[in-house]
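Peer 1: File name input37.txt; file contents compact mmCIF, C-alpha atoms and all ligand atoms; full text below.
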# COMPACT_ATOMS: atom_id res chain seq x y z
CA MET V 1 -33.48 41.94 72.33
CA ARG V 2 -34.51 40.75 75.74
CA GLN V 3 -33.53 37.70 77.74
CA GLY V 4 -37.10 36.48 77.53
CA THR V 5 -36.56 32.81 76.93
CA LEU V 6 -38.53 30.35 78.95
CA ARG V 7 -37.26 26.82 79.09
CA VAL V 8 -40.11 24.38 78.63
CA GLU V 9 -39.44 21.84 81.36
CA LYS V 10 -42.89 20.30 80.90
CA PRO V 11 -43.96 21.25 77.37
CA GLY V 12 -47.42 19.73 77.79
CA GLU V 13 -48.45 21.86 80.74
CA GLN V 14 -46.54 24.93 79.58
CA LEU V 15 -48.31 24.93 76.25
CA ASP V 16 -51.79 24.06 77.52
CA PRO V 17 -53.18 27.63 77.22
CA PHE V 18 -51.86 27.95 73.69
CA PHE V 19 -53.29 24.63 72.53
CA SER V 20 -56.60 25.45 74.16
CA CYS V 21 -56.68 28.62 72.06
CA LEU V 22 -55.63 26.66 68.95
CA GLY V 23 -58.49 24.20 69.21
CA ASP V 24 -61.12 26.93 69.07
CA ALA V 25 -59.36 29.14 66.50
CA PRO V 26 -61.25 30.19 63.35
CA SER V 27 -57.97 29.89 61.39
CA ARG V 28 -54.42 28.76 62.10
CA ALA V 29 -51.01 29.58 60.71
CA LEU V 30 -48.07 27.28 61.33
CA ILE V 31 -44.84 28.92 60.16
CA LEU V 32 -41.51 27.11 60.19
CA ASP V 33 -37.94 27.96 59.36
CA TYR V 34 -36.15 25.24 57.36
CA ASP V 35 -32.43 24.74 58.17
CA GLY V 36 -31.86 23.80 61.79
CA THR V 37 -35.62 23.68 62.45
CA ILE V 38 -37.32 21.31 60.01
CA ALA V 39 -34.01 19.91 58.76
CA PRO V 40 -30.90 19.11 60.82
CA PHE V 41 -27.76 20.92 59.70
CA CYS V 42 -25.72 19.09 57.12
CA GLU V 43 -22.21 19.88 55.90
CA ASN V 44 -23.46 19.50 52.34
CA ARG V 45 -26.38 21.96 52.29
CA ASP V 46 -27.92 20.17 49.30
CA GLU V 47 -28.46 17.11 51.49
CA ALA V 48 -30.26 18.86 54.37
CA ARG V 49 -33.56 16.95 54.28
CA PRO V 50 -36.37 17.20 56.85
CA HIS V 51 -35.94 15.28 60.11
CA SER V 52 -37.98 12.07 59.85
CA ALA V 53 -40.19 12.70 62.89
CA VAL V 54 -40.80 16.33 61.89
CA LEU V 55 -41.59 15.22 58.33
CA GLY V 56 -44.16 12.70 59.56
CA ALA V 57 -45.88 15.18 61.86
CA LEU V 58 -45.85 17.90 59.22
CA ASN V 59 -47.36 15.57 56.63
CA SER V 60 -50.20 14.76 59.04
CA ILE V 61 -50.91 18.48 59.41
CA LEU V 62 -50.74 19.08 55.66
CA GLY V 63 -53.04 16.12 55.02
CA GLY V 64 -55.53 17.39 57.59
CA GLU V 65 -55.92 20.69 55.68
CA HIS V 66 -56.92 22.49 58.89
CA SER V 67 -53.97 24.89 59.05
CA HIS V 68 -52.17 27.31 56.79
CA VAL V 69 -48.56 26.03 56.66
CA SER V 70 -45.65 28.20 55.55
CA ILE V 71 -41.92 27.62 55.39
CA VAL V 72 -39.91 30.82 55.78
CA SER V 73 -36.27 30.27 54.89
CA GLY V 74 -33.10 32.17 54.14
CA ARG V 75 -32.59 29.82 51.20
CA ALA V 76 -33.60 30.80 47.71
CA ILE V 77 -36.87 29.10 46.77
CA ASN V 78 -35.21 27.23 43.88
CA ASP V 79 -32.82 25.79 46.46
CA LEU V 80 -35.58 24.89 48.92
CA VAL V 81 -38.11 23.16 46.66
CA PRO V 82 -36.06 19.99 45.89
CA LEU V 83 -35.39 19.44 49.60
CA ILE V 84 -39.07 19.26 50.55
CA SER V 85 -40.16 16.78 47.88
CA ASP V 86 -41.16 14.28 50.59
CA LEU V 87 -43.86 16.60 51.92
CA LEU V 88 -47.36 15.44 51.11
CA LEU V 89 -48.30 18.87 49.74
CA ARG V 90 -46.02 21.81 49.01
CA PRO V 91 -46.76 24.49 51.59
CA ASP V 92 -46.65 28.24 51.12
CA LEU V 93 -42.95 29.11 50.68
CA TRP V 94 -41.11 32.32 51.54
CA GLY V 95 -37.45 32.32 50.46
CA SER V 96 -34.47 34.66 50.78
CA HIS V 97 -35.62 35.92 54.20
CA GLY V 98 -39.00 37.09 52.95
CA TRP V 99 -37.91 38.56 49.60
CA GLU V 100 -39.24 35.65 47.53
CA ARG V 101 -42.55 33.83 47.67
CA MET V 102 -44.08 30.76 46.06
CA ARG V 103 -47.73 30.27 46.88
CA VAL V 104 -49.40 26.88 47.24
CA ASP V 105 -50.78 27.21 43.70
CA GLY V 106 -47.24 27.61 42.35
CA SER V 107 -47.44 31.31 41.54
CA ARG V 108 -44.33 33.15 42.66
CA GLY V 109 -42.56 36.48 42.77
CA VAL V 110 -39.64 38.46 44.14
CA PHE V 111 -40.00 41.87 45.77
CA SER V 112 -38.15 44.53 43.79
CA ILE V 113 -34.82 45.79 45.10
CA PRO V 114 -33.19 49.21 44.64
CA GLU V 115 -30.67 49.64 41.84
CA SER V 116 -27.93 50.62 44.30
CA ALA V 117 -28.41 47.31 46.14
CA ARG V 118 -28.38 45.37 42.88
CA GLU V 119 -25.07 47.01 41.92
CA SER V 120 -23.59 46.22 45.33
CA LEU V 121 -24.62 42.57 45.00
CA LEU V 122 -22.85 42.36 41.64
CA LEU V 123 -19.74 43.99 43.12
CA ALA V 124 -19.81 41.62 46.09
CA ARG V 125 -20.09 38.69 43.69
CA ASP V 126 -17.02 39.97 41.80
CA ARG V 127 -15.08 40.27 45.05
CA ALA V 128 -15.97 36.73 46.12
CA SER V 129 -13.68 35.00 43.62
CA GLY V 130 -11.28 33.87 46.37
CA PHE V 131 -14.02 32.00 48.25
CA ILE V 132 -16.63 31.40 45.54
CA ASP V 133 -16.71 27.66 46.27
CA ARG V 134 -18.10 28.53 49.73
CA CYS V 135 -20.41 31.28 48.47
CA GLU V 136 -24.14 30.79 47.89
CA VAL V 137 -25.51 33.31 45.37
CA LYS V 138 -29.18 34.13 46.01
CA PRO V 139 -31.61 36.61 44.43
CA VAL V 140 -31.09 39.28 47.09
CA SER V 141 -28.04 38.14 49.02
CA LEU V 142 -24.72 36.32 49.07
CA ALA V 143 -23.92 33.88 51.85
CA VAL V 144 -20.60 32.30 52.77
CA HIS V 145 -20.81 28.99 54.63
CA TRP V 146 -18.02 27.71 56.85
CA ARG V 147 -19.76 24.77 58.50
CA GLY V 148 -17.40 21.80 58.59
CA LEU V 149 -14.20 23.85 58.45
CA GLY V 150 -11.60 23.66 61.22
CA CYS V 151 -11.08 26.65 63.51
CA ASP V 152 -8.02 28.03 61.68
CA GLU V 153 -9.60 27.65 58.24
CA ARG V 154 -12.80 29.26 59.46
CA ASN V 155 -10.97 32.24 60.94
CA ALA V 156 -8.95 32.71 57.75
CA LEU V 157 -12.11 32.59 55.62
CA ARG V 158 -13.90 35.00 57.96
CA THR V 159 -11.03 37.48 57.59
CA GLU V 160 -11.00 37.09 53.81
CA VAL V 161 -14.75 37.71 53.61
CA ARG V 162 -14.56 40.74 55.87
CA ASN V 163 -11.75 42.22 53.74
CA ALA V 164 -13.72 41.62 50.52
CA TRP V 165 -17.19 42.65 51.65
CA GLY V 166 -16.75 44.90 54.66
CA VAL V 167 -16.79 48.15 52.70
CA LEU V 168 -19.96 47.09 50.80
CA SER V 169 -21.98 46.56 53.95
CA HIS V 170 -23.12 47.84 57.30
CA SER V 171 -24.49 46.26 60.44
CA PRO V 172 -28.24 46.30 60.99
CA ALA V 173 -29.25 48.74 63.72
CA GLY V 174 -29.06 47.10 67.13
CA ASP V 175 -27.20 44.03 65.91
CA ARG V 176 -24.74 43.26 68.68
CA HIS V 177 -23.65 40.03 67.02
CA SER V 178 -22.24 41.65 63.92
CA GLU V 179 -18.54 41.46 63.10
CA ASN V 180 -18.74 44.46 60.79
CA ASN V 181 -19.45 47.55 62.83
CA ASP V 182 -17.34 50.09 60.95
CA ALA V 183 -18.42 50.11 57.32
CA SER V 184 -21.41 51.89 55.80
CA GLY V 185 -22.09 50.15 52.48
CA VAL V 186 -25.56 49.53 51.07
CA LEU V 187 -25.88 45.85 52.00
CA GLU V 188 -26.53 44.46 55.47
CA TRP V 189 -24.02 42.16 57.13
CA HIS V 190 -25.70 39.27 58.98
CA ALA V 191 -23.90 36.57 60.91
CA PHE V 192 -25.79 33.27 61.05
CA ASP V 193 -25.16 29.83 62.50
CA GLY V 194 -22.45 28.57 60.16
CA GLY V 195 -21.48 31.63 58.15
CA VAL V 196 -22.16 35.21 57.17
CA GLU V 197 -24.54 36.78 54.67
CA LEU V 198 -24.62 40.07 52.78
CA ARG V 199 -28.25 40.93 52.30
CA VAL V 200 -30.29 43.71 50.70
CA PRO V 201 -31.94 45.60 53.57
CA GLY V 202 -35.65 46.29 53.66
CA ARG V 203 -37.25 42.92 54.28
CA ASP V 204 -36.75 40.10 56.78
CA LYS V 205 -38.57 37.06 58.12
CA GLY V 206 -40.76 39.33 60.24
CA ASP V 207 -42.19 40.83 57.04
CA ALA V 208 -43.04 37.33 55.83
CA VAL V 209 -44.84 36.57 59.09
CA ARG V 210 -46.76 39.87 58.83
CA GLY V 211 -47.83 39.00 55.29
CA ILE V 212 -49.04 35.57 56.36
CA VAL V 213 -50.93 36.90 59.38
CA ASP V 214 -52.63 39.51 57.17
CA GLU V 215 -53.82 36.74 54.86
CA VAL V 216 -55.03 34.18 57.42
CA GLY V 217 -57.08 36.77 59.29
CA PRO V 218 -56.95 38.85 62.45
CA ASP V 219 -58.26 36.07 64.74
CA ALA V 220 -55.88 33.36 63.58
CA VAL V 221 -53.67 31.48 66.00
CA VAL V 222 -50.05 31.73 64.86
CA ALA V 223 -46.94 29.71 65.68
CA TYR V 224 -43.43 30.34 64.38
CA ALA V 225 -40.51 27.98 65.00
CA GLY V 226 -36.91 28.81 64.13
CA ASP V 227 -33.37 28.33 65.36
CA ASP V 228 -31.16 31.19 64.23
CA GLN V 229 -30.58 34.92 64.67
CA THR V 230 -32.46 35.56 61.43
CA ASP V 231 -35.59 34.15 63.08
CA GLU V 232 -35.61 36.82 65.77
CA ASP V 233 -37.48 39.27 63.50
CA ALA V 234 -40.17 36.63 63.07
CA PHE V 235 -40.30 35.92 66.81
CA ALA V 236 -40.81 39.63 67.45
CA GLU V 237 -43.59 39.82 64.86
CA VAL V 238 -45.39 36.84 66.40
CA GLY V 239 -45.13 38.63 69.74
CA ARG V 240 -47.34 41.39 68.28
CA VAL V 241 -50.11 38.83 67.71
CA GLY V 242 -50.54 38.60 71.50
CA VAL V 243 -51.82 35.52 73.30
CA ARG V 244 -52.83 33.89 70.00
CA GLY V 245 -49.21 33.71 68.92
CA ILE V 246 -46.35 31.54 70.08
CA SER V 247 -42.69 31.81 69.10
CA ILE V 248 -40.50 28.76 69.49
CA LEU V 249 -36.72 28.54 69.54
CA VAL V 250 -35.59 25.12 68.32
CA ARG V 251 -32.00 24.74 69.36
CA ARG V 252 -29.76 22.44 71.37
CA GLU V 253 -28.28 25.30 73.42
CA LEU V 254 -30.32 28.13 74.85
CA ARG V 255 -29.33 31.65 73.78
CA GLU V 256 -30.64 35.16 74.14
CA THR V 257 -33.89 35.35 72.17
CA CYS V 258 -37.30 36.96 71.77
CA ALA V 259 -38.91 33.51 71.54
CA LYS V 260 -41.33 32.52 74.28
CA VAL V 261 -40.65 28.80 74.25
CA TRP V 262 -37.52 26.72 73.85
CA LEU V 263 -37.57 23.22 72.35
CA GLU V 264 -34.21 21.51 72.49
CA SER V 265 -34.48 19.06 69.62
CA HIS V 266 -36.23 18.11 66.41
CA GLU V 267 -37.95 15.33 68.35
CA GLU V 268 -39.51 17.93 70.67
CA LEU V 269 -40.63 19.96 67.66
CA ALA V 270 -42.18 16.81 66.19
CA LYS V 271 -44.11 16.30 69.46
CA PHE V 272 -45.34 19.90 69.27
CA LEU V 273 -46.50 19.37 65.67
CA THR V 274 -48.17 16.06 66.55
CA ARG V 275 -50.09 17.76 69.34
CA TRP V 276 -51.01 20.60 66.95
CA ASN V 277 -52.52 18.10 64.53
CA LYS V 278 -54.32 16.23 67.29
CA VAL V 279 -55.89 19.40 68.65
CA CYS V 280 -56.97 20.53 65.18
CA THR V 281 -58.51 17.20 64.23
CA LYS V 282 -60.37 16.50 67.49
CA LYS V 283 -64.03 15.74 67.16
CA PRO V 284 -66.37 18.29 68.80
MG MG V 301 -32.59 28.11 60.51
Represent the structure from my file as structure tokens, please.
Peer 2:
Amino acid sequence: MRQGTLRVEKPGEQLDPFFSCLGDAPSRALILDYDGTIAPFCENRDEARPHSAVLGALNSILGGEHSHVSIVSGRAINDLVPLISDLLLRPDLWGSHGWERMRVDGSRGVFSIPESARESLLLARDRASGFIDRCEVKPVSLAVHWRGLGCDERNALRTEVRNAWGVLSHSPAGDRHSENNDASGVLEWHAFDGGVELRVPGRDKGDAVRGIVDEVGPDAVVAYAGDDQTDEDAFAEVGRVGVRGISILVRRELRETCAKVWLESHEELAKFLTRWNKVCTKKP
């Protein structure tokens, strides 16, 4: 991963070439992560609703019907759907880091996982009894959340999780942020902002982006906005689109990333979305 981040001091001018491209595009794909990007973090994950300004801008885009809109989340789709009930239309949804999908017409599916991974997930679930109240059980992963805990509690929970799950997992190749570099189990160990997740390897958010780009067409303009390490695969995939693609890190503090643009707040993301809608609805 390179230190390729560019702080957008003057987003309007910085993004001019991209928006110029967007206005003339034959098709457009707007792809957004959910937690930390559309919705501010919330100690109770079930209450993480979209930021009001982002919601308004996104509804304008959905109502304009000029862009393909997808949400690509680490959440299970069943978990995500109730949180986006205030959206004018339900967009294309990819859940569980690209393993699940619910199309706009409501049809849905889950990519099949190997039997060895399924067995490891069941074993990990059995070993999570000591911290099950903090454990989110998803179709292809288990996540432990420690947002809201004090430092000592968080460290104790992290140790407990590592002891329970370490042997069932391994670090993804090249992951320098992992806390589990020794084991070689079937599942992948992913740290994220506010916890850790054991995930079946084989798909990630980059695969979701690739699937969307394949569907919207080779000349589409593509934007992806996300905040966390799990979004880096998507940023990298958008980078392969070339000048028609833009990857956006939405985060208060800058960090090492593949994203091309940094927006510091939900308000800045809302401004980006508002400009997107304006460009796409301009009269010729
Ligand atoms: Mg996120």
Peer 1: Could you give me, as a Markdown table, a per-residue list for chain V showing, wherever an atom lies at most 6 Å from an atom of ligand MG 301 (chain V), the closest pair of atoms and their distance in Å to one decimal, using all atoms listed in the file and sorting by chain then residue number from low to high?
Peer 2:
| residue | atom | partner | partner_atom | distance |
| --- | --- | --- | --- | --- |
| V:Asp33 | CA | V:MG301 | MG | 5.5 |
| V:Tyr34 | CA | V:MG301 | MG | 5.6 |
| V:Asp35 | CA | V:MG301 | MG | 4.1 |
| V:Gly36 | CA | V:MG301 | MG | 4.6 |
| V:Thr37 | CA | V:MG301 | MG | 5.7 |
| V:Gly226 | CA | V:MG301 | MG | 5.7 |
| V:Asp227 | CA | V:MG301 | MG | 4.9 |
| V:Asp228 | CA | V:MG301 | MG | 5.0 |
Peer 1: Go through V:Ala223, V:Ala53, V:Ala191, V:Val200 one by one, measure the shortest atom-to-atom distance of each to Ser67 in chain V using only C-alpha atoms, and give the residue with the smallest value.
Peer 2: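 Ranking V:Ala223, V:Ala53, V:Ala191, V:Val200 by distance to Ser67 in chain V, first place goes to V:Ala223.
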Peer 1: Take the point (-52.8, 14.3, 52.5) as written in the file and pick out every residue within 12 Å of it, counting only C-alpha atoms; give the list as a compact mmCIF listing (two decimals) with C-alpha atoms, keeping the file's coordinate frame.
Peer 2:
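Output file point23.txt is given in full below:
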# COMPACT_ATOMS: atom_id res chain seq x y z
CA GLY V 56 -44.16 12.70 59.56
CA ALA V 57 -45.88 15.18 61.86
CA LEU V 58 -45.85 17.90 59.22
CA ASN V 59 -47.36 15.57 56.63
CA SER V 60 -50.20 14.76 59.04
CA ILE V 61 -50.91 18.48 59.41
CA LEU V 62 -50.74 19.08 55.66
CA GLY V 63 -53.04 16.12 55.02
CA GLY V 64 -55.53 17.39 57.59
CA GLU V 65 -55.92 20.69 55.68
CA HIS V 66 -56.92 22.49 58.89
CA ASP V 86 -41.16 14.28 50.59
CA LEU V 87 -43.86 16.60 51.92
CA LEU V 88 -47.36 15.44 51.11
CA LEU V 89 -48.30 18.87 49.74
CA ARG V 90 -46.02 21.81 49.01
CA PRO V 91 -46.76 24.49 51.59
Peer 1: What does the distance between CA of Gly148 in chain V and CA of Phe41 in chain V come to in Å, to one decimal place?
Peer 2: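 The value is 10.5 Å.
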Peer 1: Could you work out how far CA of Pro40 in chain V lies from CA of Asn277 in chain V, giving the answer in Å with one decimal?
Peer 2: 22.0 Å
Peer 1: Looking at all atoms listed in the file, which of V:Asp219, V:Gly74, V:Gly95, V:Asp126 is the one that sits closest to Val196 in chain V?
Peer 2: V:Gly74
Peer 1: Any idea what's packed within 10 Å of range 243-260 of chain V, counting only C-alpha atoms, ignoring anything in its chain fewer than 4 positions away? Could you give it as a VMD selection string?
Peer 2: chain V and resid 1 to 8 15 17 to 19 21 to 22 25 28 to 33 36 to 38 218 to 229 231 to 239 264 to 266 268 to 269
Peer 1: Those same residues - C-alpha atoms - I'd like them written as a short mmCIF file (atom, residue, chain, number, x, y, z; two decimals), in the coordinates of the input.
Peer 2:
data_model
loop_
_atom_site.label_atom_id
_atom_site.label_comp_id
_atom_site.auth_asym_id
_atom_site.auth_seq_id
_atom_site.Cartn_x
_atom_site.Cartn_y
_atom_site.Cartn_z
CA MET V 1 -33.48 41.94 72.33
CA ARG V 2 -34.51 40.75 75.74
CA GLN V 3 -33.53 37.70 77.74
CA GLY V 4 -37.10 36.48 77.53
CA THR V 5 -36.56 32.81 76.93
CA LEU V 6 -38.53 30.35 78.95
CA ARG V 7 -37.26 26.82 79.09
CA VAL V 8 -40.11 24.38 78.63
CA LEU V 15 -48.31 24.93 76.25
CA PRO V 17 -53.18 27.63 77.22
CA PHE V 18 -51.86 27.95 73.69
CA PHE V 19 -53.29 24.63 72.53
CA CYS V 21 -56.68 28.62 72.06
CA LEU V 22 -55.63 26.66 68.95
CA ALA V 25 -59.36 29.14 66.50
CA ARG V 28 -54.42 28.76 62.10
CA ALA V 29 -51.01 29.58 60.71
CA LEU V 30 -48.07 27.28 61.33
CA ILE V 31 -44.84 28.92 60.16
CA LEU V 32 -41.51 27.11 60.19
CA ASP V 33 -37.94 27.96 59.36
CA GLY V 36 -31.86 23.80 61.79
CA THR V 37 -35.62 23.68 62.45
CA ILE V 38 -37.32 21.31 60.01
CA PRO V 218 -56.95 38.85 62.45
CA ASP V 219 -58.26 36.07 64.74
CA ALA V 220 -55.88 33.36 63.58
CA VAL V 221 -53.67 31.48 66.00
CA VAL V 222 -50.05 31.73 64.86
CA ALA V 223 -46.94 29.71 65.68
CA TYR V 224 -43.43 30.34 64.38
CA ALA V 225 -40.51 27.98 65.00
CA GLY V 226 -36.91 28.81 64.13
CA ASP V 227 -33.37 28.33 65.36
CA ASP V 228 -31.16 31.19 64.23
CA GLN V 229 -30.58 34.92 64.67
CA ASP V 231 -35.59 34.15 63.08
CA GLU V 232 -35.61 36.82 65.77
CA ASP V 233 -37.48 39.27 63.50
CA ALA V 234 -40.17 36.63 63.07
CA PHE V 235 -40.30 35.92 66.81
CA ALA V 236 -40.81 39.63 67.45
CA GLU V 237 -43.59 39.82 64.86
CA VAL V 238 -45.39 36.84 66.40
CA GLY V 239 -45.13 38.63 69.74
CA GLU V 264 -34.21 21.51 72.49
CA SER V 265 -34.48 19.06 69.62
CA HIS V 266 -36.23 18.11 66.41
CA GLU V 268 -39.51 17.93 70.67
CA LEU V 269 -40.63 19.96 67.66
#
Peer 1: Using all atoms listed in the file, which protein or nucleic acid residues come within 9 Å of Glu197 in chain V? Drop anything in the same chain fewer than 3 positions from it, and give the result as a list of chain:residue names.
Peer 2: V:Ser141, V:Leu142, V:Ala143, V:Val144, V:His145, V:Glu188, V:Trp189, V:His190, V:Ala191, V:Phe192
Peer 1: If I take CA of Ser171 in chain V and CA of Ser112 in chain V, how far is one from the other in Å, to one decimal?
Peer 2: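 So the answer is 21.6 Å.
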Peer 1: Using only C-alpha atoms, which of V:Arg154, V:Lys282, V:His51, V:His97 sits nearest Leu198 in chain V?
Peer 2: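 Using only C-alpha atoms, Leu198 in chain V sits closest to V:His97.
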Peer 1: Could you check which of V:Val72, V:Val110, V:Leu149, V:Cys135 is closest to Leu93 in chain V, using only C-alpha atoms?
Peer 2: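 When distances to Leu93 in chain V are compared using only C-alpha atoms, the smallest one comes from V:Val72.
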Peer 1: Can you pull out every residue within 9 Å of Ser120 in chain V, counting all atoms listed in the file, but drop anything in the same chain fewer than 3 positions away, and send it as a list in words?
Peer 2: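 Non-adjacent residues within range: Glu115, Ser116, Ala117, Leu123, Ala124, Arg125, Leu168, Ser169, Gly185, Val186, Leu187 and Val200 of chain V.
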Peer 1: Would you list the residues near (-37.4, 46.6, 56.0) (no more than 12 Å away, in the coordinates of the file, using all atoms listed in the file) as a ChimeraX atom specification?
Peer 2: /V:97-99,111,113,172-173,188,199-208,210,233
Peer 1: For the residues selected in the previous step, produce a file with C-alpha atoms as a PDB file, keeping the file's coordinate frame.
Peer 2:
ATOM      1  CA  HIS V  97     -35.620  35.920  54.200  1.00  0.00           C
ATOM      2  CA  GLY V  98     -39.000  37.090  52.950  1.00  0.00           C
ATOM      3  CA  TRP V  99     -37.910  38.560  49.600  1.00  0.00           C
ATOM      4  CA  PHE V 111     -40.000  41.870  45.770  1.00  0.00           C
ATOM      5  CA  ILE V 113     -34.820  45.790  45.100  1.00  0.00           C
ATOM      6  CA  PRO V 172     -28.240  46.300  60.990  1.00  0.00           C
ATOM      7  CA  ALA V 173     -29.250  48.740  63.720  1.00  0.00           C
ATOM      8  CA  GLU V 188     -26.530  44.460  55.470  1.00  0.00           C
ATOM      9  CA  ARG V 199     -28.250  40.930  52.300  1.00  0.00           C
ATOM     10  CA  VAL V 200     -30.290  43.710  50.700  1.00  0.00           C
ATOM     11  CA  PRO V 201     -31.940  45.600  53.570  1.00  0.00           C
ATOM     12  CA  GLY V 202     -35.650  46.290  53.660  1.00  0.00           C
ATOM     13  CA  ARG V 203     -37.250  42.920  54.280  1.00  0.00           C
ATOM     14  CA  ASP V 204     -36.750  40.100  56.780  1.00  0.00           C
ATOM     15  CA  LYS V 205     -38.570  37.060  58.120  1.00  0.00           C
ATOM     16  CA  GLY V 206     -40.760  39.330  60.240  1.00  0.00           C
ATOM     17  CA  ASP V 207     -42.190  40.830  57.040  1.00  0.00           C
ATOM     18  CA  ALA V 208     -43.040  37.330  55.830  1.00  0.00           C
ATOM     19  CA  ARG V 210     -46.760  39.870  58.830  1.00  0.00           C
ATOM     20  CA  ASP V 233     -37.480  39.270  63.500  1.00  0.00           C
TER      21      ASP V 233
END
